[in-house]
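For reference, the structure discussed in these notes is given below.
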Amino acid sequence: MRKKNKRVILENIEIIDAGAKGKTIGKAPDGRVVFTTNAVPGDIVDIQTTKKRKAYFEGTAINFHALSDKRTDPVCEHFGVCGGCKWQNMSYDNQLFYKEKEVLNNLVRIGHLDIPETTPILGSKKQYFYRNKMEFSFSDSRWLTLEEINSGQDFDNKNALGFHIPGMWDKILDVKKCHLQEDPSNAIRIATKEFAQDTGMSFFNPRNQVGMLRTLMLRTTSTGEIMVLIQFYEDHKEKREALLDHLKERFPTITSLQYVVNKKQNDTIYDQEIICFSGRDHIIEEMEGLQFKINAKSFYQTNSDQAYELYKITRDFAGLTGEELVYDLYTGTGTIAQFVSTKAKKVIGIEAVPEAILDAKANAENNNITNAEFYVGDMKNVFNEAFIQEHGQPDIIITDPPRDGMHKDVVQQILNIAPNKIVYVSCNSATQARDLALMKDFYKITKIQPVDMFPQTHHVENVVLLEKI
């Protein structure tokens, strides 16, 4: 170990594991853990530290002495610069191994839970081009790669349409080809940028809050429908309509072409008026004959194929016979609720976002589902004794909370209700483990099924079945 510029270079470190948030792990000579983001378990590397703490280092591998047999060649030219797909350099079977390991470690280490034999993680048939929603940002000051900086060239055109550089809120990587969403996603993005540049449209500058073009959102469905939403900061009617007309003519398969004029400092659209320029104001996804309307503000699982697998597992874990009253907490647009409704007596969905509940009700009506009801409110407030008295004692509770997990008051209310079964779907096994620990004196875990929704990343879903002791 030697010092350089007040930072430490750790030499010949073997990367031994993968940890939380996609970081890989080694051990320093003094026993401290070393986290890095650009190595694979099995690599032997020198690491330039970027952060030093009492119990650990963080750093970047700067020299590779030996390469792991777990490695594979990344397919994307932007790998290592773009903030997504950080595990592209690890073979898919090893990605699955470390995802499953993280789930089980969290349940045991954080939750101190007794877990049964686990069904192996369910991998995704598609490892690329699996996302149904992508969001890209415009910028007039794109991120220059190290090679570009070292070239000594002057770059007059710094317009970009792509992704934020990790940790750089005002720097955008100009994406040539993204491997996450099927065509015509790349073609639409490139055509949008080229037309905007050819006609002199200004790209957004977040520091100065100037520029016409702000963001581009693309949504697709397994049925072939396409939504395009362009967010403008400055509103120039003629230029705006010229761009939208160009996309309409160039890509006649676009189902929904929409825009929003957003003059706020942030680019969230949930409090903005969405205007439909051409086609419908929504696209439709299908699953087992059920149709789900997806508008620009709708939440829908971003991997449609794996969402179907996830929902099938959830329904199977519930073990419905047609006689059960099911509560679906954090129901979103009611996809799980409607998916299980055909095998339940009645389903009650609860969600905090009013627009999501409107979508859920509309979808249920369109699908002729009469045994599902949806209610809006903050879960820890609406999900109370009065609500239970009005709507009935659930036999089964399905809960699919956000990454932060459930509020402790919601966990306590579930324990007060004491349903026979709880099916807990989670996108964060750490907070899931924390919540399950609060229930372990009353429920036993009888089934666990990790599901990979996001290949090439560290993210993993997990479904747990709890049965009353």
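Labels used: A, B, ... for chains in the order of the structure tokens, numbers from 1 for residues in each chain, and numbers from 1 for ligands as shown.
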
Would you list, as a list in words, the residues of region 310-339 of chain A that end up in strand (DSSP E) under DSSP run on this structure's backbone? Leu325, Val326, Tyr327, Asp328 and Leu329 of chain A

Which residues are close to region 443-452 of chain A, i.e. within 7 Å by only C-alpha atoms, leaving aside same-chain residues fewer than 5 positions away? Reply as a VMD selection string. chain A and resid 100 115 to 116 118 to 119 121 to 124 310 460 to 469

Extract, using only C-alpha atoms, all DNA, RNA and protein residues at most 12 Å from His78 (chain A), discarding same-chain residues fewer than 5 positions from it, and format them as a PyMOL selection string. chain A and resi 83-86+88+143+145+162-163+165+173-179

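From CA of Ala191 (chain A) back to CA of Asn159 (chain A), the distance works out to 13.9 Å.
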
Got a sec: who's within 10 Å of Gln432 (chain A), counting only C-alpha atoms, leaving out chain neighbours fewer than 3 positions off, as JSON, numbers by chain? {"A": [103, 106, 107, 110, 111, 400, 401, 403, 404, 405, 406, 424, 425, 426, 427, 428, 429, 435, 436, 437, 462, 463, 464]}

I need the residues of region 178-426 of chain A that end up classed as helix (DSSP H, G or I) by DSSP on the backbone, written out as JSON, numbers by chain. {"A": [185, 186, 187, 188, 189, 190, 191, 192, 193, 194, 195, 196, 197, 198, 237, 238, 239, 240, 241, 242, 243, 244, 245, 246, 247, 248, 249, 250, 304, 305, 306, 307, 308, 309, 310, 311, 312, 313, 314, 315, 316, 317, 318, 335, 336, 337, 338, 339, 340, 341, 354, 355, 356, 357, 358, 359, 360, 361, 362, 363, 364, 365, 366, 379, 380, 381, 382, 385, 386, 387, 388, 389, 390, 391, 408, 409, 410, 411, 412, 413, 414, 415, 416, 417]}

So which residues touch region 276-287 of chain A within 8 Å, counting only C-alpha atoms, skipping near sequence neighbours fewer than 3 positions away, as a list in words?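 Using only C-alpha atoms, the neighbours found are Thr220, Thr221, Ser222, Thr223, Glu225, Ile226, Met227, Leu244, Lys248, Ile254, Thr255, Ser256, Leu257, Gln258, Tyr259, Leu290, Gln291, Phe292, Lys293, Ile294, Asn295, Ala296 and Tyr308 of chain A.
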
Next, the residues of the selection above should be written as a compact mmCIF listing (two decimals), in the first residue's frame with C-alpha atoms.
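Listed below is the output, result.txt:
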# COMPACT_ATOMS: atom_id res chain seq x y z
CA THR A 220 -43.85 0.85 -25.63
CA THR A 221 -46.09 -2.16 -25.04
CA SER A 222 -45.86 -5.85 -25.86
CA THR A 223 -48.72 -5.27 -28.32
CA GLU A 225 -48.01 0.44 -29.29
CA ILE A 226 -45.70 3.44 -28.87
CA MET A 227 -45.98 6.63 -26.84
CA LEU A 244 -44.07 16.86 -33.73
CA LYS A 248 -45.72 11.85 -36.88
CA ILE A 254 -46.60 6.06 -33.05
CA THR A 255 -49.85 5.46 -31.18
CA SER A 256 -49.67 8.45 -28.84
CA LEU A 257 -47.73 11.65 -29.60
CA GLN A 258 -47.87 14.13 -26.72
CA TYR A 259 -46.08 17.12 -25.29
CA LEU A 290 -56.66 -7.99 -19.44
CA GLN A 291 -56.01 -4.58 -20.93
CA PHE A 292 -54.26 -1.80 -19.05
CA LYS A 293 -54.38 1.81 -20.21
CA ILE A 294 -51.05 3.54 -19.69
CA ASN A 295 -50.95 7.32 -19.90
CA ALA A 296 -47.93 9.59 -19.65
CA TYR A 308 -46.17 -11.09 -16.07

Set the distance at 10 Å and use only C-alpha atoms: which residues neighbour region 44-60 of chain A once local chain neighbours fewer than 6 positions away are removed? I'd like the list as number ranges by chain. A: 1, 3-4, 6-16, 23, 25-28, 31-38, 66-68

Would you output that residue set with N, CA and C atoms, as a PDB file, in the first residue's frame?
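Produced file result09.pdb, reproduced below:
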ATOM      1  N   MET A   1       0.861  -1.191   0.000  1.00  0.00           N
ATOM      2  CA  MET A   1       0.000   0.000   0.000  1.00  0.00           C
ATOM      3  C   MET A   1       0.893   1.235   0.000  1.00  0.00           C
ATOM      4  N   LYS A   3       1.038   5.764  -0.759  1.00  0.00           N
ATOM      5  CA  LYS A   3       0.251   6.979  -0.847  1.00  0.00           C
ATOM      6  C   LYS A   3       0.593   7.749  -2.106  1.00  0.00           C
ATOM      7  N   LYS A   4      -0.424   8.420  -2.657  1.00  0.00           N
ATOM      8  CA  LYS A   4      -0.221   9.246  -3.842  1.00  0.00           C
ATOM      9  C   LYS A   4      -1.273  10.343  -3.817  1.00  0.00           C
ATOM     10  N   LYS A   6      -2.263  12.215  -1.478  1.00  0.00           N
ATOM     11  CA  LYS A   6      -3.093  12.103  -0.284  1.00  0.00           C
ATOM     12  C   LYS A   6      -4.172  11.037  -0.405  1.00  0.00           C
ATOM     13  N   ARG A   7      -4.215  10.355  -1.534  1.00  0.00           N
ATOM     14  CA  ARG A   7      -5.101   9.215  -1.676  1.00  0.00           C
ATOM     15  C   ARG A   7      -4.263   7.950  -1.641  1.00  0.00           C
ATOM     16  N   VAL A   8      -4.918   6.853  -1.347  1.00  0.00           N
ATOM     17  CA  VAL A   8      -4.197   5.602  -1.174  1.00  0.00           C
ATOM     18  C   VAL A   8      -4.392   4.724  -2.398  1.00  0.00           C
ATOM     19  N   ILE A   9      -3.321   4.104  -2.859  1.00  0.00           N
ATOM     20  CA  ILE A   9      -3.430   3.076  -3.891  1.00  0.00           C
ATOM     21  C   ILE A   9      -3.265   1.722  -3.213  1.00  0.00           C
ATOM     22  N   LEU A  10      -4.283   0.900  -3.322  1.00  0.00           N
ATOM     23  CA  LEU A  10      -4.259  -0.442  -2.750  1.00  0.00           C
ATOM     24  C   LEU A  10      -3.877  -1.410  -3.858  1.00  0.00           C
ATOM     25  N   GLU A  11      -2.829  -2.157  -3.643  1.00  0.00           N
ATOM     26  CA  GLU A  11      -2.263  -2.982  -4.710  1.00  0.00           C
ATOM     27  C   GLU A  11      -2.655  -4.444  -4.568  1.00  0.00           C
ATOM     28  N   ASN A  12      -2.850  -5.095  -5.720  1.00  0.00           N
ATOM     29  CA  ASN A  12      -3.114  -6.540  -5.785  1.00  0.00           C
ATOM     30  C   ASN A  12      -4.287  -6.964  -4.899  1.00  0.00           C
ATOM     31  N   ILE A  13      -5.391  -6.275  -5.065  1.00  0.00           N
ATOM     32  CA  ILE A  13      -6.600  -6.583  -4.296  1.00  0.00           C
ATOM     33  C   ILE A  13      -7.456  -7.565  -5.092  1.00  0.00           C
ATOM     34  N   GLU A  14      -7.796  -8.679  -4.483  1.00  0.00           N
ATOM     35  CA  GLU A  14      -8.696  -9.627  -5.131  1.00  0.00           C
ATOM     36  C   GLU A  14     -10.140  -9.228  -4.845  1.00  0.00           C
ATOM     37  N   ILE A  15     -10.921  -9.086  -5.897  1.00  0.00           N
ATOM     38  CA  ILE A  15     -12.345  -8.786  -5.744  1.00  0.00           C
ATOM     39  C   ILE A  15     -13.057 -10.107  -5.428  1.00  0.00           C
ATOM     40  N   ILE A  16     -13.709 -10.164  -4.268  1.00  0.00           N
ATOM     41  CA  ILE A  16     -14.213 -11.445  -3.764  1.00  0.00           C
ATOM     42  C   ILE A  16     -15.728 -11.563  -3.763  1.00  0.00           C
ATOM     43  N   LYS A  23     -22.003  -2.479  -6.247  1.00  0.00           N
ATOM     44  CA  LYS A  23     -20.573  -2.366  -6.001  1.00  0.00           C
ATOM     45  C   LYS A  23     -19.972  -3.744  -5.742  1.00  0.00           C
ATOM     46  N   ILE A  25     -16.607  -6.007  -4.073  1.00  0.00           N
ATOM     47  CA  ILE A  25     -15.965  -5.937  -2.765  1.00  0.00           C
ATOM     48  C   ILE A  25     -14.615  -6.652  -2.768  1.00  0.00           C
ATOM     49  N   GLY A  26     -13.628  -5.991  -2.174  1.00  0.00           N
ATOM     50  CA  GLY A  26     -12.336  -6.605  -1.903  1.00  0.00           C
ATOM     51  C   GLY A  26     -11.949  -6.339  -0.456  1.00  0.00           C
ATOM     52  N   LYS A  27     -10.778  -6.825  -0.059  1.00  0.00           N
ATOM     53  CA  LYS A  27     -10.274  -6.585   1.293  1.00  0.00           C
ATOM     54  C   LYS A  27      -8.904  -5.932   1.203  1.00  0.00           C
ATOM     55  N   ALA A  28      -8.732  -4.809   1.920  1.00  0.00           N
ATOM     56  CA  ALA A  28      -7.448  -4.127   1.986  1.00  0.00           C
ATOM     57  C   ALA A  28      -6.501  -4.916   2.891  1.00  0.00           C
ATOM     58  N   GLY A  31      -7.392  -5.139   6.449  1.00  0.00           N
ATOM     59  CA  GLY A  31      -8.643  -5.807   6.799  1.00  0.00           C
ATOM     60  C   GLY A  31      -9.886  -5.028   6.469  1.00  0.00           C
ATOM     61  N   ARG A  32      -9.727  -3.772   6.092  1.00  0.00           N
ATOM     62  CA  ARG A  32     -10.908  -2.969   5.757  1.00  0.00           C
ATOM     63  C   ARG A  32     -11.508  -3.405   4.417  1.00  0.00           C
ATOM     64  N   VAL A  33     -12.820  -3.286   4.338  1.00  0.00           N
ATOM     65  CA  VAL A  33     -13.524  -3.594   3.097  1.00  0.00           C
ATOM     66  C   VAL A  33     -13.231  -2.502   2.070  1.00  0.00           C
ATOM     67  N   VAL A  34     -13.122  -2.914   0.813  1.00  0.00           N
ATOM     68  CA  VAL A  34     -12.919  -1.958  -0.285  1.00  0.00           C
ATOM     69  C   VAL A  34     -14.060  -2.129  -1.285  1.00  0.00           C
ATOM     70  N   PHE A  35     -14.794  -1.058  -1.531  1.00  0.00           N
ATOM     71  CA  PHE A  35     -15.879  -1.073  -2.512  1.00  0.00           C
ATOM     72  C   PHE A  35     -15.402  -0.427  -3.804  1.00  0.00           C
ATOM     73  N   THR A  36     -15.695  -1.071  -4.913  1.00  0.00           N
ATOM     74  CA  THR A  36     -15.366  -0.472  -6.218  1.00  0.00           C
ATOM     75  C   THR A  36     -16.516  -0.738  -7.189  1.00  0.00           C
ATOM     76  N   THR A  37     -16.566   0.019  -8.279  1.00  0.00           N
ATOM     77  CA  THR A  37     -17.691  -0.089  -9.215  1.00  0.00           C
ATOM     78  C   THR A  37     -17.291  -0.613 -10.583  1.00  0.00           C
ATOM     79  N   ASN A  38     -15.995  -0.770 -10.840  1.00  0.00           N
ATOM     80  CA  ASN A  38     -15.583  -1.133 -12.200  1.00  0.00           C
ATOM     81  C   ASN A  38     -14.785  -2.430 -12.243  1.00  0.00           C
ATOM     82  N   ALA A  66      -5.146  -9.478 -13.139  1.00  0.00           N
ATOM     83  CA  ALA A  66      -5.781 -10.709 -13.626  1.00  0.00           C
ATOM     84  C   ALA A  66      -7.263 -10.444 -13.795  1.00  0.00           C
ATOM     85  N   LEU A  67      -7.823 -11.000 -14.874  1.00  0.00           N
ATOM     86  CA  LEU A  67      -9.238 -10.806 -15.157  1.00  0.00           C
ATOM     87  C   LEU A  67     -10.032 -12.043 -14.772  1.00  0.00           C
ATOM     88  N   SER A  68     -11.202 -11.819 -14.205  1.00  0.00           N
ATOM     89  CA  SER A  68     -12.056 -12.895 -13.714  1.00  0.00           C
ATOM     90  C   SER A  68     -12.653 -13.703 -14.860  1.00  0.00           C
TER      91      SER A  68
END

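The space between CA of Lys312 (chain A) and CA of Ile369 (chain A) spans 18.1 Å.
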
I need the residue nearest Leu320 (chain A) from this list: A:Ile269, A:Ile397, A:Val382, A:Ile414. Use only C-alpha atoms for the distance.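 Comparing A:Ile269, A:Ile397, A:Val382, A:Ile414 against Leu320 (chain A), the winner is A:Ile397.
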
Could you pull the residues within 9 Å of Arg189 (chain A), counting only C-alpha atoms, minus those fewer than 6 positions along the same chain, as a ChimeraX atom specification? /A:136,161-162,216,218

Could the residues in this selection be written to a file with C-alpha atoms, as a compact mmCIF listing (two decimals), in the first residue's frame?
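Final output, saved to out_20.txt:
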# COMPACT_ATOMS: atom_id res chain seq x y z
CA PHE A 136 -33.81 10.96 -22.10
CA LEU A 161 -29.87 13.75 -25.99
CA GLY A 162 -29.23 10.97 -23.55
CA LEU A 216 -38.00 12.90 -24.31
CA LEU A 218 -40.65 6.79 -24.94

Could you give me, as a Markdown table, every region 371-429 of chain A residue with an atom at most 8 Å from region 345-351 of chain A, plus its closest atom pair and distance in Å to one decimal, counting only C-alpha atoms, rows ordered by chain then number?
| residue | atom | partner | partner_atom | distance |
| --- | --- | --- | --- | --- |
| A:Asn371 | CA | A:Lys346 | CA | 4.8 |
| A:Ala372 | CA | A:Val347 | CA | 4.6 |
| A:Glu373 | CA | A:Ile348 | CA | 5.0 |
| A:Phe374 | CA | A:Gly349 | CA | 4.6 |
| A:Tyr375 | CA | A:Ile350 | CA | 4.9 |
| A:Val376 | CA | A:Glu351 | CA | 5.0 |
| A:Gly377 | CA | A:Glu351 | CA | 6.0 |
| A:Asp378 | CA | A:Glu351 | CA | 7.1 |
| A:Met379 | CA | A:Glu351 | CA | 6.9 |
| A:Phe383 | CA | A:Ile350 | CA | 7.9 |
| A:His391 | CA | A:Ile348 | CA | 8.0 |

Go ahead and compute the interatomic distance for CA of His407 (chain A) and CA of Lys380 (chain A), in Å to one decimal. 6.8 Å

A:Ala352, A:Val340, A:Gln456, A:Phe317 ranked by distance to Ile422 (chain A), top pick (using only C-alpha atoms):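 Closest to Ile422 (chain A) of all the choices is A:Phe317.
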
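Nearest to Ala418 (chain A) of all the residues A:Gln393, A:Asn89, A:Pro402, A:Gly334 is A:Gln393, based on only C-alpha atoms.
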